[in-house]
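Reproduced below: work-v5.txt, with compact mmCIF, C-alpha atoms.
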# COMPACT_ATOMS: atom_id res chain seq x y z
CA MET A 607 23.80 -162.64 54.09
CA GLY A 608 23.58 -163.61 50.31
CA ARG A 609 20.26 -163.89 48.40
CA ARG A 610 18.72 -167.38 47.84
CA VAL A 611 18.63 -168.30 44.13
CA LEU A 612 16.20 -170.97 42.83
CA LEU A 613 17.56 -173.00 39.95
CA PRO A 614 15.20 -175.40 37.99
CA ILE A 615 16.54 -178.95 37.40
CA ALA A 616 14.80 -181.34 34.90
CA LEU A 617 14.31 -184.87 36.22
CA THR A 618 13.23 -187.49 33.69
CA LEU A 619 11.40 -190.61 34.91
CA THR A 620 11.07 -193.44 32.45
CA VAL A 621 8.45 -196.16 33.11
CA VAL A 622 8.63 -199.29 31.04
CA ALA A 623 5.45 -201.53 30.80
CA CYS A 624 5.49 -205.05 29.33
CA SER A 625 2.48 -206.79 27.76
CA SER A 626 1.80 -209.49 25.30
CA THR A 627 0.23 -207.33 22.77
CA GLY A 628 2.95 -204.54 22.64
CA THR A 629 5.33 -202.40 24.48
CA ALA A 630 4.30 -198.90 25.69
CA THR A 631 6.91 -196.44 26.92
CA THR A 632 5.82 -193.39 28.94
CA THR A 633 8.20 -190.55 29.64
CA SER A 634 7.31 -188.00 32.42
CA THR A 635 9.29 -184.79 33.04
CA MET A 636 9.12 -183.16 36.54
CA ALA A 637 10.63 -179.77 37.45
CA THR A 638 12.38 -179.67 40.78
CA THR A 639 13.59 -176.46 42.38
CA VAL A 640 16.83 -176.47 44.44
CA ALA A 641 17.82 -173.54 46.68
CA THR A 642 21.44 -172.43 46.29
CA THR A 643 23.20 -169.98 48.65
CA PRO A 644 26.10 -168.10 47.01
CA THR A 645 29.33 -167.35 48.91
CA THR A 646 30.15 -163.70 49.57
CA THR A 647 33.86 -162.84 49.73
CA THR A 648 34.86 -159.64 51.62
CA THR A 649 38.15 -158.08 50.48
CA THR A 650 39.95 -155.63 52.84
CA THR A 651 42.21 -153.11 51.08
CA THR A 652 45.03 -151.55 53.14
CA THR A 653 46.05 -148.09 51.97
CA THR A 654 49.61 -146.92 52.85
CA THR A 655 50.08 -143.14 53.09
CA THR A 656 53.57 -141.82 52.36
CA THR A 657 54.48 -138.42 53.85
CA THR A 658 57.10 -136.43 51.95
CA THR A 659 59.10 -133.86 53.98
CA THR A 660 60.44 -130.92 52.03
CA THR A 661 63.48 -129.20 53.52
CA THR A 662 64.04 -125.57 52.58
CA THR A 663 67.65 -124.46 52.69
CA THR A 664 68.30 -120.75 53.16
CA THR A 665 71.61 -119.55 51.85
CA THR A 666 72.96 -116.39 53.47
CA THR A 667 75.39 -114.45 51.36
CA THR A 668 77.73 -112.20 53.31
CA ILE A 669 78.82 -109.19 51.32
CA PRO A 670 82.32 -108.14 52.30
CA PRO A 671 82.93 -104.45 53.02
CA VAL A 672 84.78 -102.36 50.48
CA GLY A 673 86.91 -101.05 53.33
CA TYR A 674 86.95 -99.69 56.86
CA SER A 675 86.35 -96.04 57.63
CA SER A 676 89.39 -94.14 58.82
CA VAL A 677 87.04 -92.07 60.99
CA ASN A 678 85.75 -94.83 63.29
CA GLY A 679 87.17 -98.13 62.02
CA LEU A 680 83.76 -99.55 61.06
CA PRO A 681 83.09 -101.39 57.76
CA VAL A 682 81.71 -99.49 54.77
CA TYR A 683 79.83 -101.43 52.08
CA ASP A 684 79.44 -98.77 49.39
CA GLN A 685 82.50 -97.78 47.36
CA GLU A 686 81.20 -94.29 46.60
CA LEU A 687 80.58 -93.57 50.29
CA PHE A 688 83.94 -95.02 51.25
CA ASP A 689 85.86 -92.85 48.78
CA ARG A 690 84.24 -89.50 49.58
CA ARG A 691 85.31 -86.66 51.89
CA VAL A 692 84.58 -86.41 55.59
CA LEU A 693 82.57 -83.35 56.63
CA MET A 694 83.41 -81.86 60.03
CA VAL A 695 80.45 -79.77 61.20
CA LYS A 696 80.92 -77.46 64.18
CA ILE A 697 77.96 -77.84 66.58
CA ASP A 698 77.03 -75.57 69.47
CA ASN A 699 76.67 -77.01 72.99
CA ALA A 700 75.57 -73.98 74.99
CA VAL A 701 72.43 -74.55 77.04
CA PRO A 702 70.22 -72.54 74.61
CA ALA A 703 71.49 -74.77 71.78
CA GLN A 704 70.31 -77.98 73.43
CA PRO A 705 69.03 -80.43 72.37
CA GLN A 706 71.07 -80.61 69.18
CA SER A 707 69.88 -82.22 65.96
CA GLY A 708 71.57 -84.65 63.58
CA ILE A 709 74.52 -85.51 65.80
CA GLN A 710 73.01 -88.94 66.51
CA LEU A 711 73.75 -89.83 62.87
CA ALA A 712 77.42 -88.81 62.90
CA ASP A 713 80.17 -91.40 62.41
CA ALA A 714 82.21 -89.78 65.20
CA MET A 715 82.01 -86.79 67.53
CA VAL A 716 84.76 -84.56 68.92
CA GLU A 717 84.25 -82.30 71.95
CA LEU A 718 86.47 -79.40 72.93
CA LEU A 719 86.44 -76.34 75.16
CA VAL A 720 85.68 -73.01 73.43
CA VAL A 721 85.01 -70.60 76.30
CA HIS A 722 85.11 -71.00 80.05
CA GLY A 723 82.33 -73.33 81.04
CA THR A 724 81.20 -74.21 77.52
CA THR A 725 82.21 -76.89 75.05
CA ARG A 726 81.35 -77.39 71.39
CA PHE A 727 81.20 -80.47 69.20
CA ILE A 728 82.55 -81.43 65.80
CA ALA A 729 80.20 -83.89 64.09
CA MET A 730 82.14 -86.03 61.60
CA PHE A 731 80.24 -87.43 58.60
CA HIS A 732 82.14 -89.78 56.31
CA TYR A 733 79.78 -92.49 55.01
CA SER A 734 76.73 -91.11 56.85
CA ASP A 735 74.61 -87.97 56.37
CA ALA A 736 72.08 -85.84 58.24
CA GLU A 737 69.25 -83.98 56.55
CA TYR A 738 68.62 -81.73 59.58
CA LEU A 739 71.73 -80.69 61.50
CA GLY A 740 72.49 -77.97 64.01
CA PRO A 741 72.87 -75.55 65.64
CA ILE A 742 76.04 -74.80 63.63
CA ARG A 743 78.67 -72.45 65.04
CA SER A 744 81.99 -70.83 64.21
CA LEU A 745 85.47 -72.20 63.55
CA ARG A 746 88.15 -72.28 66.26
CA PRO A 747 91.95 -72.90 66.10
CA ALA A 748 91.77 -76.32 67.85
CA ASP A 749 89.39 -77.59 65.14
CA LEU A 750 92.11 -77.25 62.52
CA GLN A 751 94.49 -79.74 64.13
CA ILE A 752 91.86 -82.49 63.89
CA ALA A 753 90.74 -81.48 60.38
CA ALA A 754 94.33 -81.65 59.18
CA ALA A 755 94.74 -85.14 60.64
CA VAL A 756 91.76 -86.64 58.76
CA ASN A 757 91.98 -84.46 55.63
CA GLY A 758 88.53 -83.12 56.49
CA THR A 759 86.32 -80.35 55.14
CA MET A 760 85.20 -77.96 57.88
CA VAL A 761 81.59 -76.73 58.00
CA ASN A 762 80.88 -73.68 60.16
CA THR A 763 79.05 -70.36 60.23
CA GLY A 764 82.25 -68.34 59.89
CA ALA A 765 85.27 -67.34 61.97
CA GLN A 766 87.38 -64.42 62.99
CA PRO A 767 89.59 -63.36 60.06
CA TRP A 768 92.78 -64.52 61.76
CA VAL A 769 91.29 -67.99 62.38
CA THR A 770 90.16 -68.16 58.76
CA GLY A 771 93.74 -67.28 57.82
CA MET A 772 94.99 -70.27 59.83
CA ALA A 773 92.67 -72.58 57.84
CA ILE A 774 93.86 -71.13 54.55
CA GLU A 775 97.51 -71.61 55.58
CA ARG A 776 96.79 -75.29 56.27
CA ASP A 777 94.86 -75.71 53.01
CA ILE A 778 91.74 -76.90 54.85
CA PRO A 779 88.54 -76.55 52.77
CA ARG A 780 85.67 -74.70 54.48
CA VAL A 781 81.93 -74.58 53.92
CA THR A 782 80.60 -71.42 55.55
CA PHE A 783 77.28 -69.63 55.93
CA TYR A 784 75.39 -69.12 52.67
CA PRO A 785 71.61 -68.68 52.62
CA SER A 786 71.39 -71.39 49.97
CA ILE A 787 72.81 -74.08 52.27
CA MET A 788 72.23 -72.78 55.83
CA TYR A 789 69.16 -71.24 57.39
CA ARG A 790 67.89 -69.97 60.71
CA ILE A 791 64.99 -71.66 62.46
CA PRO A 792 62.41 -69.42 64.20
CA GLU A 793 62.16 -71.65 67.28
CA ARG A 794 65.54 -70.46 68.56
CA SER A 795 67.36 -67.18 69.01
CA LEU A 796 70.68 -65.95 67.63
CA PRO A 797 73.31 -67.32 67.52
CA ASN A 798 71.95 -70.80 68.33
CA ASN A 799 69.62 -71.22 65.36
CA VAL A 800 71.64 -72.02 62.23
CA TYR A 801 70.85 -75.39 60.63
CA GLY A 802 71.62 -77.21 57.42
CA SER A 803 71.97 -80.54 55.61
CA THR A 804 75.13 -82.51 54.87
CA PHE A 805 73.69 -83.25 51.42
CA ASP A 806 73.73 -79.52 50.64
CA PHE A 807 77.18 -79.11 52.17
CA ARG A 808 78.58 -81.86 49.94
CA GLU A 809 77.02 -80.29 46.85
CA PHE A 810 78.45 -76.90 47.83
CA ALA A 811 81.92 -78.43 48.21
CA ASP A 812 81.62 -80.18 44.85
CA ASP A 813 80.55 -76.98 43.08
CA ARG A 814 83.65 -75.22 44.37
CA GLY A 815 86.00 -77.99 43.42
CA PHE A 816 87.01 -78.96 46.94
CA PRO A 817 88.90 -82.27 47.15
CA ASP A 818 86.56 -85.23 47.52
CA GLU A 819 88.88 -87.88 48.92
CA ALA A 820 88.54 -90.48 51.64
CA PRO A 821 89.72 -89.36 55.09
CA THR A 822 93.22 -90.22 56.19
CA PRO A 823 93.85 -92.33 59.35
CA TRP A 824 93.91 -90.36 62.58
CA LEU A 825 93.51 -93.06 65.25
CA PRO A 826 94.97 -96.58 65.64
CA PHE A 827 92.07 -99.05 65.42
CA GLY A 828 92.26 -102.66 66.57
CA ASP A 829 91.78 -104.84 69.63
CA PRO A 830 92.23 -102.93 72.90
CA PRO A 831 95.10 -103.91 75.22
CA LEU A 832 94.51 -106.22 78.17
CA PRO A 833 93.88 -106.20 81.04
CA GLN A 834 91.23 -103.51 81.23
CA HIS A 835 89.70 -101.81 84.24
CA PRO A 836 85.95 -101.80 84.96
CA ALA A 837 84.44 -98.57 83.65
CA GLN A 838 80.69 -98.42 84.13
CA ASN A 839 80.79 -94.69 84.85
CA VAL A 840 83.24 -92.18 83.41
CA THR A 841 83.38 -88.58 84.68
CA LEU A 842 85.22 -85.77 82.89
CA THR A 843 85.97 -82.41 84.49
CA TRP A 844 86.34 -79.71 81.84
CA GLY A 845 87.46 -76.98 84.21
CA GLN A 846 86.81 -75.22 87.48
CA GLY A 847 83.19 -74.26 87.81
CA VAL A 848 82.21 -76.25 84.74
CA ASN A 849 79.53 -78.91 84.99
CA ASP A 850 81.12 -82.34 84.90
CA VAL A 851 80.14 -84.63 82.05
CA GLU A 852 79.30 -88.16 83.11
CA TRP A 853 79.08 -91.13 80.76
CA ARG A 854 77.08 -94.06 82.15
CA TYR A 855 77.35 -97.46 80.54
CA ASN A 856 74.12 -99.10 79.38
CA SER A 857 74.68 -102.86 79.16
CA ASP A 858 71.51 -103.34 77.09
CA THR A 859 72.64 -101.07 74.26
CA ARG A 860 76.38 -101.48 74.93
CA THR A 861 76.79 -97.73 74.77
CA TYR A 862 77.82 -94.93 77.10
CA GLU A 863 75.03 -92.39 77.67
CA ARG A 864 75.86 -88.75 78.29
CA TRP A 865 74.68 -87.15 81.55
CA VAL A 866 75.02 -83.48 82.55
CA ARG A 867 73.63 -81.84 85.69
CA ASP A 868 72.23 -85.21 86.87
CA ASP A 869 70.13 -85.64 83.74
CA TYR A 870 70.82 -87.35 80.45
CA GLN A 871 71.47 -85.13 77.45
CA GLU A 872 69.25 -85.62 74.42
CA TRP A 873 69.17 -85.06 70.67
CA LEU A 874 66.09 -83.84 68.82
CA ASP A 875 65.19 -84.58 65.20
CA GLU A 876 63.11 -82.46 62.82
CA GLU A 877 59.93 -84.45 63.56
CA GLY A 878 60.27 -83.85 67.31
CA GLU A 879 61.56 -87.31 68.25
CA ARG A 880 64.08 -87.34 71.08
CA GLY A 881 66.79 -89.77 72.10
CA ARG A 882 69.74 -90.01 74.44
CA ILE A 883 73.18 -88.91 73.27
CA ASP A 884 75.42 -91.96 73.42
CA ALA A 885 78.57 -93.51 71.99
CA GLU A 886 80.04 -96.98 71.67
CA VAL A 887 83.64 -95.91 72.30
CA LEU A 888 84.94 -93.04 74.41
CA ILE A 889 88.42 -91.61 73.85
CA VAL A 890 89.76 -88.91 76.15
CA ILE A 891 92.87 -87.09 74.93
CA SER A 892 94.43 -84.76 77.44
CA GLY A 893 96.13 -81.90 75.61
CA ARG A 894 97.93 -78.73 76.49
CA PHE A 895 95.52 -75.92 77.21
CA TYR A 896 96.45 -72.45 75.94
CA ILE A 897 94.91 -69.17 74.83
CA ALA A 898 95.21 -68.63 71.09
CA HIS A 899 95.96 -65.05 70.04
CA ALA A 900 95.71 -63.35 66.70
CA PRO A 901 98.95 -62.41 64.93
CA VAL A 902 100.10 -58.89 65.62
CA ASN A 903 99.41 -57.84 62.05
CA ALA A 904 95.92 -59.41 61.89
CA SER A 905 93.01 -57.26 60.80
CA GLY A 906 89.41 -57.37 61.96
CA SER A 907 88.34 -59.01 65.19
CA ARG A 908 91.27 -60.24 67.26
CA THR A 909 89.53 -61.83 70.24
CA PRO A 910 91.71 -64.46 72.00
CA VAL A 911 90.08 -67.88 72.38
CA PRO A 912 90.82 -71.03 74.44
CA ALA A 913 92.44 -73.91 72.55
CA ILE A 914 93.88 -77.40 73.04
CA ASP A 915 97.18 -78.42 71.49
CA THR A 916 97.07 -82.02 70.22
CA VAL A 917 100.59 -82.10 68.77
CA GLY A 918 103.26 -83.49 71.09
CA SER A 919 102.29 -85.96 73.80
CA GLY A 920 99.97 -86.46 76.74
CA ARG A 921 97.72 -88.92 78.53
CA VAL A 922 94.89 -90.88 76.95
CA TRP A 923 91.98 -92.98 78.21
CA VAL A 924 89.87 -95.36 76.13
CA PHE A 925 86.53 -96.88 77.22
CA ALA A 926 84.29 -99.45 75.53
CA LYS A 927 81.85 -102.18 76.58
CA GLY A 928 82.06 -101.27 80.26
CA GLY A 929 85.85 -101.44 80.49
CA GLY A 930 88.78 -99.16 79.85
CA TRP A 931 92.52 -98.61 79.78
CA GLU A 932 94.82 -95.63 80.10
CA GLY A 933 98.15 -94.77 78.57
CA THR A 934 99.81 -92.02 76.54
CA TRP A 935 99.52 -90.49 73.09
CA GLU A 936 102.07 -88.98 70.73
CA ARG A 937 102.24 -87.30 67.34
CA ASP A 938 104.79 -84.98 65.80
CA SER A 939 102.64 -82.85 63.49
CA GLU A 940 99.02 -81.98 62.73
CA ARG A 941 98.98 -84.17 59.62
CA GLU A 942 100.14 -87.27 61.48
CA PRO A 943 97.78 -89.77 63.15
CA PHE A 944 97.79 -90.24 66.90
CA ARG A 945 99.95 -93.04 68.30
CA PHE A 946 98.72 -94.67 71.51
CA PHE A 947 100.76 -96.61 74.10
CA ASP A 948 99.72 -98.56 77.19
CA VAL A 949 101.24 -98.04 80.63
CA LEU A 950 104.10 -100.40 79.74
CA GLY A 951 104.98 -98.42 76.64
CA ASN A 952 103.58 -100.95 74.16
CA ALA A 953 101.74 -99.71 71.08
CA ALA A 954 98.00 -99.80 71.78
CA THR A 955 94.85 -99.60 69.68
CA VAL A 956 91.22 -98.63 70.15
CA PRO A 957 88.16 -100.70 69.19
CA PRO A 958 86.12 -99.59 66.16
CA GLY A 959 82.72 -98.07 66.86
CA ARG A 960 80.75 -94.84 67.01
CA LEU A 961 83.28 -92.60 68.68
CA TRP A 962 83.12 -89.72 71.08
CA VAL A 963 86.55 -88.07 71.39
CA SER A 964 87.00 -85.52 74.18
CA LEU A 965 89.96 -83.12 73.89
CA LEU A 966 90.23 -82.45 77.58
CA PRO A 967 92.22 -79.45 78.89
CA SER A 968 93.09 -81.36 82.06
CA GLU A 969 93.79 -84.82 83.38
CA LEU A 970 90.70 -84.92 85.56
CA VAL A 971 89.26 -88.25 84.47
CA GLU A 972 87.55 -90.60 86.91
CA PHE A 973 86.03 -93.99 86.18
CA GLU A 974 84.72 -96.95 88.12
Would it be possible to restate this file's structure as structure tokens?
Amino acid sequence: MGRRVLLPIALTLTVVACSSTGTATTTSTMATTVATTPTTTTTTTTTTTTTTTTTTTTTTTTIPPVGYSSVNGLPVYDQELFDRRVLMVKIDNAVPAQPQSGIQLADAMVELLVVHGTTRFIAMFHYSDAEYLGPIRSLRPADLQIAAAVNGTMVNTGAQPWVTGMAIERDIPRVTFYPSIMYRIPERSLPNNVYGSTFDFREFADDRGFPDEAPTPWLPFGDPPLPQHPAQNVTLTWGQGVNDVEWRYNSDTRTYERWVRDDYQEWLDEEGERGRIDAEVLIVISGRFYIAHAPVNASGSRTPVPAIDTVGSGRVWVFAKGGGWEGTWERDSEREPFRFFDVLGNAATVPPGRLWVSLLPSELVEFE
């Protein structure tokens, strides 16, 4: 309610009197107070709030690869890594040599029979490296056919003189045991205790002027042929009395995990961490088994050794993502890449990925 305001108003009353003797005029002033109530006006202000939405746009830039590795068909994004040599490190697989170290970092693995009941690996490092790698073992004749195919540099602890002579004849560079680049660990016994680093092996090869060129193609990469057969489990028999190797597909990781003697086989790093040996793509090449002998005029040790011949032709199986196909392989010389064909005789390819290539001395391959 508004306040009451009193405003004074002057009221003038004039009285006129008439007489015979004169005229008298009397003026009286009276103050009158009037109450006035003012009007109060209420103004309502409406405020409008404007909300501004800011949209953030994220731009994803895809960097194209500089090329695709000839070792496993996967993209490589560094030109220097793409252009450099592939190291092929011979790794022991005897029971006292397990678990191995560094092989989980390899771009591809090759497995082959060396003595009755025992296989060894070749860990291939093109654009990848391993600081702690081993146990490293000796060179064998079958290694040279794969090294020639990819223009690789072999890394091993040594070899019989006649096997070394075969490498020299093929002009295959070799990094062998030197205390400056290889060492023995005390946790294991001879001969399963030689370890090293691919960084040191590369420096050794550079110091000696070995060729440092990108590997040459050795496998046909591309989309696999269709249809494929289910292949959740793949079993390889390496020979009579030899423990079968089973590869079980893990749909979560999309890899095949290696099992031997009903237990999965592991790798072990320098810090003690363990993991399962696995691969994204399995390739089984059945080759001609033979016993390699030293030349009659060879000096030094002349012990015959088992070997697999991968020049000529034979059967092949390829497995990836829980499926597989079988066919045949051909090549006419050690320097040529493998050619694959499906059961109808059409040229076939293998999917890129981390490879495990088994040079099997038989055709005993089962999958389901």
How close does region 758-843 of chain A get to region 713-735 of chain A? List, as a tab-separated table, each residue of region 758-843 of chain A within 8 Å, its nearest atom pair and the distance in Å to one decimal, counting only C-alpha atoms.
residue	atom	partner	partner_atom	distance
A:Ser803	CA	A:Asp735	CA	7.9
A:Thr804	CA	A:Asp735	CA	5.7
A:Phe805	CA	A:Asp735	CA	6.9
A:Ala820	CA	A:His732	CA	8.0
A:Pro821	CA	A:His732	CA	7.7
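From CA of Phe816 (chain A) back to CA of Thr782 (chain A), the distance works out to 13.1 Å.
Closest approach to Gln706 (chain A) from the set A:Thr822, A:Asn798, A:Ser744, A:Asn952 is made by A:Asn798, with distances taken over all atoms listed in the file.
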>> Which residues are close to region 926-930 of chain A, i.e. within 7 Å by all atoms listed in the file, leaving aside same-chain residues fewer than 3 positions away? Reply as an MDAnalysis selection string.
In response: chainID A and resid 834:838 855 860:861 886:888
> With only C-alpha atoms as the basis for distance, which of A:Ala811, A:Ala904, A:Leu687, A:Met772 is at the shortest distance from Thr759 (chain A)?
Replying inline: A:Ala811
> Between A:Val761, A:Pro967, A:Asp806, A:Phe946, which has the minimum distance to Ile897 (chain A) (counting all atoms listed in the file)?
Replying inline: A:Pro967
> Just how far from CA of Asp915 (chain A) is CA of Glu972 (chain A), in Å to one decimal?
Replying inline: 21.9 Å
List as a short mmCIF file (atom, residue, chain, number, x, y, z; two decimals) with C-alpha atoms, in the frame of the given file the protein and nucleic acid residues near region 774-780 of chain A, meaning an atom at most 10 Å away when all atoms listed in the file are counted, but skip any in the same chain fewer than 3 places from it.
data_model
loop_
_atom_site.label_atom_id
_atom_site.label_comp_id
_atom_site.auth_asym_id
_atom_site.auth_seq_id
_atom_site.Cartn_x
_atom_site.Cartn_y
_atom_site.Cartn_z
CA LEU A 693 82.57 -83.35 56.63
CA MET A 694 83.41 -81.86 60.03
CA VAL A 695 80.45 -79.77 61.20
CA LEU A 745 85.47 -72.20 63.55
CA LEU A 750 92.11 -77.25 62.52
CA GLN A 751 94.49 -79.74 64.13
CA ALA A 753 90.74 -81.48 60.38
CA ALA A 754 94.33 -81.65 59.18
CA ASN A 757 91.98 -84.46 55.63
CA GLY A 758 88.53 -83.12 56.49
CA THR A 759 86.32 -80.35 55.14
CA MET A 760 85.20 -77.96 57.88
CA VAL A 761 81.59 -76.73 58.00
CA ASN A 762 80.88 -73.68 60.16
CA THR A 763 79.05 -70.36 60.23
CA GLY A 764 82.25 -68.34 59.89
CA TRP A 768 92.78 -64.52 61.76
CA VAL A 769 91.29 -67.99 62.38
CA THR A 770 90.16 -68.16 58.76
CA GLY A 771 93.74 -67.28 57.82
CA PHE A 783 77.28 -69.63 55.93
CA PHE A 807 77.18 -79.11 52.17
CA ALA A 811 81.92 -78.43 48.21
CA ARG A 814 83.65 -75.22 44.37
CA GLY A 815 86.00 -77.99 43.42
CA PHE A 816 87.01 -78.96 46.94
CA PRO A 817 88.90 -82.27 47.15
CA GLU A 940 99.02 -81.98 62.73
CA ARG A 941 98.98 -84.17 59.62
#
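Residue nearest Ile914 (chain A) within the list A:Leu966, A:Val866, A:Ile697, A:Val840: A:Leu966 [criterion: smallest interatomic distance, all atoms listed in the file].
CA of Pro958 (chain A) sits 6.9 Å away from CA of Gly828 (chain A).
Distances from A:Ala748, A:Ala953, A:Leu796, A:Val781 to Asp813 (chain A) were compared using only C-alpha atoms, and the smallest one belongs to A:Val781.
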>> I'd like to know which of A:Trp935, A:Val701, A:Ser892, A:Gly906 is closest to Pro797 (chain A), using all atoms listed in the file.
In response: A:Val701
>> as number ranges by chain, please: the residues near Arg864 (chain A) (cut-off 7 Å, all atoms listed in the file, same-chain neighbours under 3 positions excluded).
In response: A: 852-854, 870-871, 883-884
> Quick one: residues within 10 Å of Leu874 (chain A), only C-alpha atoms counted, chain neighbours fewer than 2 positions away excluded, as JSON, numbers by chain?
Replying inline: {"A": [704, 705, 706, 707, 708, 709, 710, 738, 739, 740, 872, 876, 877, 878, 879, 880, 881, 882, 883]}
Since the input has fewer atoms than a full residue there, write region 909-916 of chain A out with all heavy atoms, as an mmCIF file, in the coordinates of the input.
data_model
loop_
_atom_site.group_PDB
_atom_site.id
_atom_site.type_symbol
_atom_site.label_atom_id
_atom_site.label_comp_id
_atom_site.auth_asym_id
_atom_site.auth_seq_id
_atom_site.Cartn_x
_atom_site.Cartn_y
_atom_site.Cartn_z
ATOM 1 N N THR A 909 89.865 -61.320 68.919
ATOM 2 C CA THR A 909 89.530 -61.830 70.240
ATOM 3 C C THR A 909 90.298 -63.124 70.528
ATOM 4 O O THR A 909 90.229 -64.078 69.749
ATOM 5 C CB THR A 909 88.027 -62.108 70.350
ATOM 6 O OG1 THR A 909 87.310 -60.911 70.034
ATOM 7 C CG2 THR A 909 87.660 -62.591 71.738
ATOM 8 N N PRO A 910 91.041 -63.206 71.643
ATOM 9 C CA PRO A 910 91.710 -64.460 72.000
ATOM 10 C C PRO A 910 90.681 -65.531 72.357
ATOM 11 O O PRO A 910 89.603 -65.229 72.886
ATOM 12 C CB PRO A 910 92.555 -64.081 73.220
ATOM 13 C CG PRO A 910 92.640 -62.578 73.197
ATOM 14 C CD PRO A 910 91.360 -62.112 72.576
ATOM 15 N N VAL A 911 91.008 -66.778 72.091
ATOM 16 C CA VAL A 911 90.080 -67.880 72.380
ATOM 17 C C VAL A 911 90.837 -69.050 72.989
ATOM 18 O O VAL A 911 92.011 -69.283 72.675
ATOM 19 C CB VAL A 911 89.358 -68.355 71.093
ATOM 20 C CG1 VAL A 911 88.393 -67.281 70.590
ATOM 21 C CG2 VAL A 911 90.350 -68.741 70.010
ATOM 22 N N PRO A 912 90.189 -69.823 73.886
ATOM 23 C CA PRO A 912 90.820 -71.030 74.440
ATOM 24 C C PRO A 912 91.071 -72.066 73.350
ATOM 25 O O PRO A 912 90.329 -72.152 72.365
ATOM 26 C CB PRO A 912 89.797 -71.528 75.455
ATOM 27 C CG PRO A 912 88.923 -70.356 75.756
ATOM 28 C CD PRO A 912 88.876 -69.564 74.490
ATOM 29 N N ALA A 913 92.102 -72.877 73.537
ATOM 30 C CA ALA A 913 92.440 -73.910 72.550
ATOM 31 C C ALA A 913 93.161 -75.064 73.245
ATOM 32 O O ALA A 913 93.672 -74.935 74.356
ATOM 33 C CB ALA A 913 93.303 -73.330 71.436
ATOM 34 N N ILE A 914 93.187 -76.197 72.569
ATOM 35 C CA ILE A 914 93.880 -77.400 73.040
ATOM 36 C C ILE A 914 94.901 -77.795 71.985
ATOM 37 O O ILE A 914 94.566 -77.930 70.792
ATOM 38 C CB ILE A 914 92.899 -78.559 73.270
ATOM 39 C CG1 ILE A 914 91.840 -78.157 74.295
ATOM 40 C CG2 ILE A 914 93.633 -79.818 73.729
ATOM 41 C CD1 ILE A 914 92.381 -77.901 75.673
ATOM 42 N N ASP A 915 96.113 -78.009 72.406
ATOM 43 C CA ASP A 915 97.180 -78.420 71.490
ATOM 44 C C ASP A 915 97.259 -79.945 71.486
ATOM 45 O O ASP A 915 97.502 -80.570 72.524
ATOM 46 C CB ASP A 915 98.510 -77.823 71.938
ATOM 47 C CG ASP A 915 99.614 -78.058 70.915
ATOM 48 O OD1 ASP A 915 99.306 -78.598 69.832
ATOM 49 O OD2 ASP A 915 100.767 -77.697 71.202
ATOM 50 N N THR A 916 97.022 -80.557 70.324
ATOM 51 C CA THR A 916 97.070 -82.020 70.220
ATOM 52 C C THR A 916 98.254 -82.479 69.371
ATOM 53 O O THR A 916 98.215 -83.541 68.760
ATOM 54 C CB THR A 916 95.759 -82.569 69.628
ATOM 55 O OG1 THR A 916 95.518 -81.959 68.357
ATOM 56 C CG2 THR A 916 94.590 -82.306 70.559
#
